[in-house]
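Source file: my_file.cif (mmCIF, C-alpha atoms)
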data_target
#
loop_
_atom_site.label_atom_id
_atom_site.label_comp_id
_atom_site.auth_asym_id
_atom_site.auth_seq_id
_atom_site.Cartn_x
_atom_site.Cartn_y
_atom_site.Cartn_z
CA MET A 74 114.55 -31.76 -32.46
CA ARG A 75 113.67 -35.46 -32.26
CA ILE A 76 112.03 -36.32 -28.95
CA LEU A 77 111.37 -39.87 -27.79
CA GLY A 78 108.61 -40.05 -25.19
CA ILE A 79 108.51 -43.09 -22.92
CA ASP A 80 105.63 -44.39 -20.79
CA PRO A 81 107.47 -46.96 -18.65
CA GLY A 82 106.03 -50.33 -17.70
CA TYR A 83 107.12 -53.94 -17.40
CA GLY A 84 104.21 -55.47 -19.31
CA ILE A 85 103.93 -52.67 -21.84
CA THR A 86 106.35 -49.79 -22.33
CA GLY A 87 104.91 -47.20 -24.69
CA PHE A 88 107.09 -45.07 -26.92
CA GLY A 89 106.42 -42.13 -29.21
CA LEU A 90 108.92 -40.36 -31.43
CA ILE A 91 108.08 -36.85 -32.57
CA GLU A 92 109.92 -34.15 -34.44
CA ALA A 93 109.48 -30.67 -33.01
CA ASP A 94 110.48 -27.62 -35.01
CA ARG A 95 109.53 -24.05 -34.07
CA GLY A 96 106.36 -25.02 -32.27
CA ALA A 97 105.20 -27.47 -34.94
CA CYS A 98 105.30 -31.17 -34.12
CA ARG A 99 104.81 -34.29 -36.17
CA LEU A 100 104.63 -37.92 -35.18
CA LEU A 101 107.39 -40.04 -36.69
CA ARG A 102 106.72 -43.37 -35.00
CA CYS A 103 105.03 -44.88 -31.99
CA GLY A 104 104.40 -48.29 -30.52
CA ALA A 105 105.08 -50.49 -27.54
CA ILE A 106 107.63 -52.88 -26.13
CA THR A 107 105.74 -55.80 -24.62
CA THR A 108 106.73 -58.73 -22.45
CA PRO A 109 104.62 -61.82 -21.69
CA PRO A 110 103.07 -61.81 -18.20
CA ASN A 111 104.04 -65.41 -17.44
CA ALA A 112 107.77 -64.91 -18.19
CA ASP A 113 110.45 -64.63 -15.52
CA PHE A 114 110.65 -61.01 -14.33
CA SER A 115 114.42 -60.71 -14.78
CA TRP A 116 114.03 -61.97 -18.38
CA ARG A 117 111.34 -59.34 -18.94
CA LEU A 118 113.71 -56.61 -17.72
CA GLY A 119 116.38 -57.90 -20.12
CA GLU A 120 113.90 -57.76 -23.01
CA ILE A 121 112.92 -54.19 -22.15
CA TYR A 122 116.57 -53.17 -21.96
CA ASN A 123 117.48 -54.89 -25.26
CA ASN A 124 114.50 -53.37 -27.06
CA MET A 125 115.19 -49.90 -25.64
CA THR A 126 118.82 -50.14 -26.74
CA GLU A 127 117.69 -51.02 -30.26
CA LEU A 128 115.04 -48.29 -30.23
CA MET A 129 117.64 -45.70 -29.24
CA LEU A 130 119.81 -46.74 -32.21
CA LEU A 131 116.90 -46.65 -34.66
CA ALA A 132 115.16 -43.50 -33.40
CA LYS A 133 118.30 -41.39 -32.87
CA PRO A 134 116.51 -38.96 -30.53
CA ASP A 135 118.01 -35.66 -29.40
CA ALA A 136 116.17 -35.98 -26.09
CA VAL A 137 114.15 -38.56 -24.16
CA ALA A 138 111.14 -37.55 -22.07
CA ILE A 139 109.94 -40.10 -19.56
CA GLU A 140 107.07 -40.11 -17.11
CA GLU A 141 107.96 -39.98 -13.43
CA LEU A 142 106.54 -42.75 -11.31
CA PHE A 143 103.32 -42.27 -9.45
CA PHE A 144 102.83 -44.76 -6.61
CA GLY A 145 99.16 -45.40 -6.10
CA ASN A 146 97.73 -48.09 -3.87
CA ASN A 147 99.66 -51.00 -5.40
CA VAL A 148 103.24 -50.57 -4.17
CA THR A 149 104.32 -53.98 -5.53
CA THR A 150 103.38 -52.94 -9.07
CA GLY A 151 105.11 -49.60 -8.53
CA ILE A 152 108.34 -51.31 -7.52
CA LYS A 153 108.29 -53.47 -10.66
CA VAL A 154 107.59 -50.44 -12.85
CA ALA A 155 110.49 -48.66 -11.11
CA GLN A 156 112.77 -51.57 -12.01
CA ALA A 157 111.64 -51.44 -15.64
CA ARG A 158 112.16 -47.69 -15.62
CA GLY A 159 115.69 -48.28 -14.34
CA VAL A 160 116.69 -50.46 -17.29
CA ILE A 161 115.06 -47.96 -19.66
CA LEU A 162 117.09 -45.12 -18.14
CA LEU A 163 120.25 -47.24 -18.36
CA ALA A 164 119.70 -47.81 -22.10
CA VAL A 165 119.12 -44.07 -22.62
CA GLN A 166 122.17 -43.11 -20.56
CA GLN A 167 124.37 -45.53 -22.50
CA ALA A 168 123.16 -43.91 -25.73
CA LYS A 169 124.33 -40.57 -24.26
CA VAL A 170 120.97 -38.87 -24.79
CA PRO A 171 119.68 -36.34 -22.23
CA VAL A 172 116.68 -37.42 -20.17
CA PHE A 173 113.86 -35.16 -19.00
CA GLU A 174 111.31 -36.37 -16.47
CA TYR A 175 107.71 -35.19 -16.17
CA LYS A 176 104.98 -35.84 -13.65
CA PRO A 177 101.61 -37.01 -15.06
CA MET A 178 100.06 -33.67 -14.02
CA GLN A 179 102.74 -31.76 -15.97
CA VAL A 180 101.97 -33.79 -19.11
CA LYS A 181 98.25 -33.10 -18.77
CA GLN A 182 98.86 -29.39 -18.15
CA SER A 183 101.15 -29.10 -21.15
CA VAL A 184 98.99 -31.03 -23.62
CA VAL A 185 95.47 -30.11 -22.47
CA GLY A 186 96.05 -26.96 -20.42
CA TYR A 187 94.54 -28.53 -17.31
CA GLY A 188 96.53 -30.63 -14.82
CA ASN A 189 93.56 -32.78 -13.82
CA ALA A 190 92.49 -33.61 -17.39
CA SER A 191 91.16 -37.08 -18.08
CA LYS A 192 93.08 -39.67 -20.07
CA HIS A 193 90.52 -39.27 -22.88
CA GLN A 194 91.10 -35.49 -23.02
CA VAL A 195 94.88 -35.99 -23.25
CA MET A 196 94.48 -38.54 -26.06
CA ASP A 197 92.07 -36.31 -27.96
CA MET A 198 94.35 -33.26 -27.71
CA THR A 199 97.37 -35.35 -28.74
CA LYS A 200 95.46 -36.38 -31.86
CA ARG A 201 94.48 -32.76 -32.60
CA ILE A 202 97.93 -31.26 -31.98
CA LEU A 203 99.58 -33.78 -34.32
CA HIS A 204 96.73 -33.67 -36.89
CA LEU A 205 96.25 -37.45 -36.70
CA SER A 206 93.22 -39.29 -38.02
CA ALA A 207 93.11 -41.50 -34.90
CA VAL A 208 94.60 -41.69 -31.42
CA PRO A 209 97.84 -43.72 -31.41
CA LYS A 210 97.48 -47.31 -30.22
CA PRO A 211 97.98 -48.93 -27.79
CA ASP A 212 97.09 -46.48 -25.01
CA ASP A 213 100.66 -46.71 -23.67
CA ALA A 214 101.97 -45.43 -27.01
CA ALA A 215 99.46 -42.57 -26.92
CA ASP A 216 100.66 -41.70 -23.41
CA ALA A 217 104.29 -41.74 -24.61
CA VAL A 218 103.45 -39.39 -27.49
CA ALA A 219 101.81 -37.01 -25.00
CA ILE A 220 104.98 -37.14 -22.87
CA ALA A 221 107.08 -36.26 -25.93
CA LEU A 222 104.70 -33.37 -26.72
CA CYS A 223 105.04 -32.15 -23.13
CA HIS A 224 108.80 -31.97 -23.55
CA ALA A 225 108.50 -30.25 -26.93
CA ARG A 226 106.32 -27.57 -25.38
CA SER A 227 108.37 -27.27 -22.18
CA SER A 228 111.76 -27.15 -23.86
CA THR A 229 110.71 -24.34 -26.22
CA SER A 230 108.96 -22.19 -23.65
CA LEU A 231 110.35 -18.73 -23.01
CA LEU A 232 111.15 -19.70 -19.42
CA ALA A 233 113.15 -22.78 -20.54
CA LEU A 234 115.02 -20.75 -23.16
CA ALA A 235 115.86 -18.08 -20.57
CA GLY A 236 117.22 -20.81 -18.28
CA LYS A 237 119.41 -22.20 -21.09
CA GLN A 238 120.76 -18.73 -21.86
CA ARG A 239 121.51 -18.18 -18.17
CA ALA A 240 123.35 -21.55 -18.01
CA VAL A 241 125.45 -20.65 -21.06
CA ARG A 242 126.39 -17.27 -19.58
CA GLN A 243 127.39 -18.89 -16.28
CA SER A 244 129.64 -21.44 -17.99
CA ASN A 245 131.53 -18.72 -19.93
#

Kindly transcribe the structure held in the file into structure tokens.
Amino acid sequence: MRILGIDPGYGITGFGLIEADRGACRLLRCGAITTPPNADFSWRLGEIYNNMTELMLLAKPDAVAIEELFFGNNVTTGIKVAQARGVILLAVQQAKVPVFEYKPMQVKQSVVGYGNASKHQVMDMTKRILHLSAVPKPDDAADAVAIALCHARSSTSLLALAGKQRAVRQSN
């Protein structure tokens, strides 16, 4: 299964593409979509959308895992990130790829085993799990890879598989 992890943002949107097969994962590609801070915001959203559309065509993921928004003290920034997340989700929906959303605490729990893990701990475990020589750069790409790993681990858990089997039985 090819999983594209997305760490949404309007200045930097991180992405990480992994291949997960029977509990083993490998990094295929990671990076970031960036927009200049002095550009018109609506232009920036268009750039994010266009780049995500192209990324979906190139990556050909089976699933997209994206981080849910966490509104801290800066609501204005949160609103802009939400708008960027909206164009990202539109590009994914138009590519007809299923989307799975994870809270930051879920990602930390899945990758490190502790929901209050530090950013450094998540990056270090991501590097170890994927047998990388270095943590992916920029940080937003490393976060996106961790989000993809979270989905790989969540979607293959016994509980998730039982839920899929139950859904199949109900539809028959």

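All residues of protein, DNA or RNA that reach within 8 Å of Gly78 of chain A, judged by only C-alpha atoms and not counting those fewer than 4 positions away in the chain, are Phe88, Gly89, Leu90, Val137, Ala138, Ile139, Ala217, Val218, Ala219, Ile220, Ala221 and Leu222 of chain A.
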
- Item | From A:Leu118, A:Ile106, A:Ala207, A:Leu77, residue lying nearest Ala93 of chain A [only C-alpha atoms] |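 Looking at the shortest contact to Ala93 of chain A, the residue is A:Leu77.
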
- Task: Would you please work out which residue, of A:Lys133, A:Arg99, A:Lys153, A:Arg226, is nearest to Ala168 of chain A when using all atoms listed in the file?
- Result: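 Looking at the shortest contact to Ala168 of chain A, the residue is A:Lys133.
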
- Excluding same-chain residues fewer than 4 positions from Val165 of chain A, what lies within 8 Å of it counting all atoms listed in the file, as an MDAnalysis selection string? chainID A and resid 125:126 129 137 161 169:172

- Item | Pairwise distance for atom CA of Val195 of chain A and atom CA of Arg75 of chain A, rounded to one decimal in Å | 20.8 Å

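When the PyMOL selection byres ((chain A and resi 100) around 7) is run on the displayed coordinates, the residues it returns are Leu90, Ile91, Glu92, Cys98, Arg99, Leu101, Arg102 and Leu203 of chain A.
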
- Could you work out how far atom CA of Pro81 of chain A lies from atom CA of Ser228 of chain A, giving the answer in Å with one decimal? 20.9 Å

- Could you jot down the atom CA of Ala155 of chain A to atom CA of His224 of chain A separation for me, Å, one decimal place?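 One can read the atom CA of Ala155 of chain A to atom CA of His224 of chain A distance as 20.9 Å.
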
Mind checking which residues fall within 6 Å of segment 140-142 of chain A, counting all atoms listed in the file, ignoring those fewer than 6 positions away in the same chain, and posting them as a compact mmCIF listing (two decimals) with C-alpha atoms, in the coordinates of the input?
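Final output, out-v1.txt:
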# COMPACT_ATOMS: atom_id res chain seq x y z
CA ASP A 80 105.63 -44.39 -20.79
CA GLU A 174 111.31 -36.37 -16.47
CA TYR A 175 107.71 -35.19 -16.17
CA LYS A 176 104.98 -35.84 -13.65
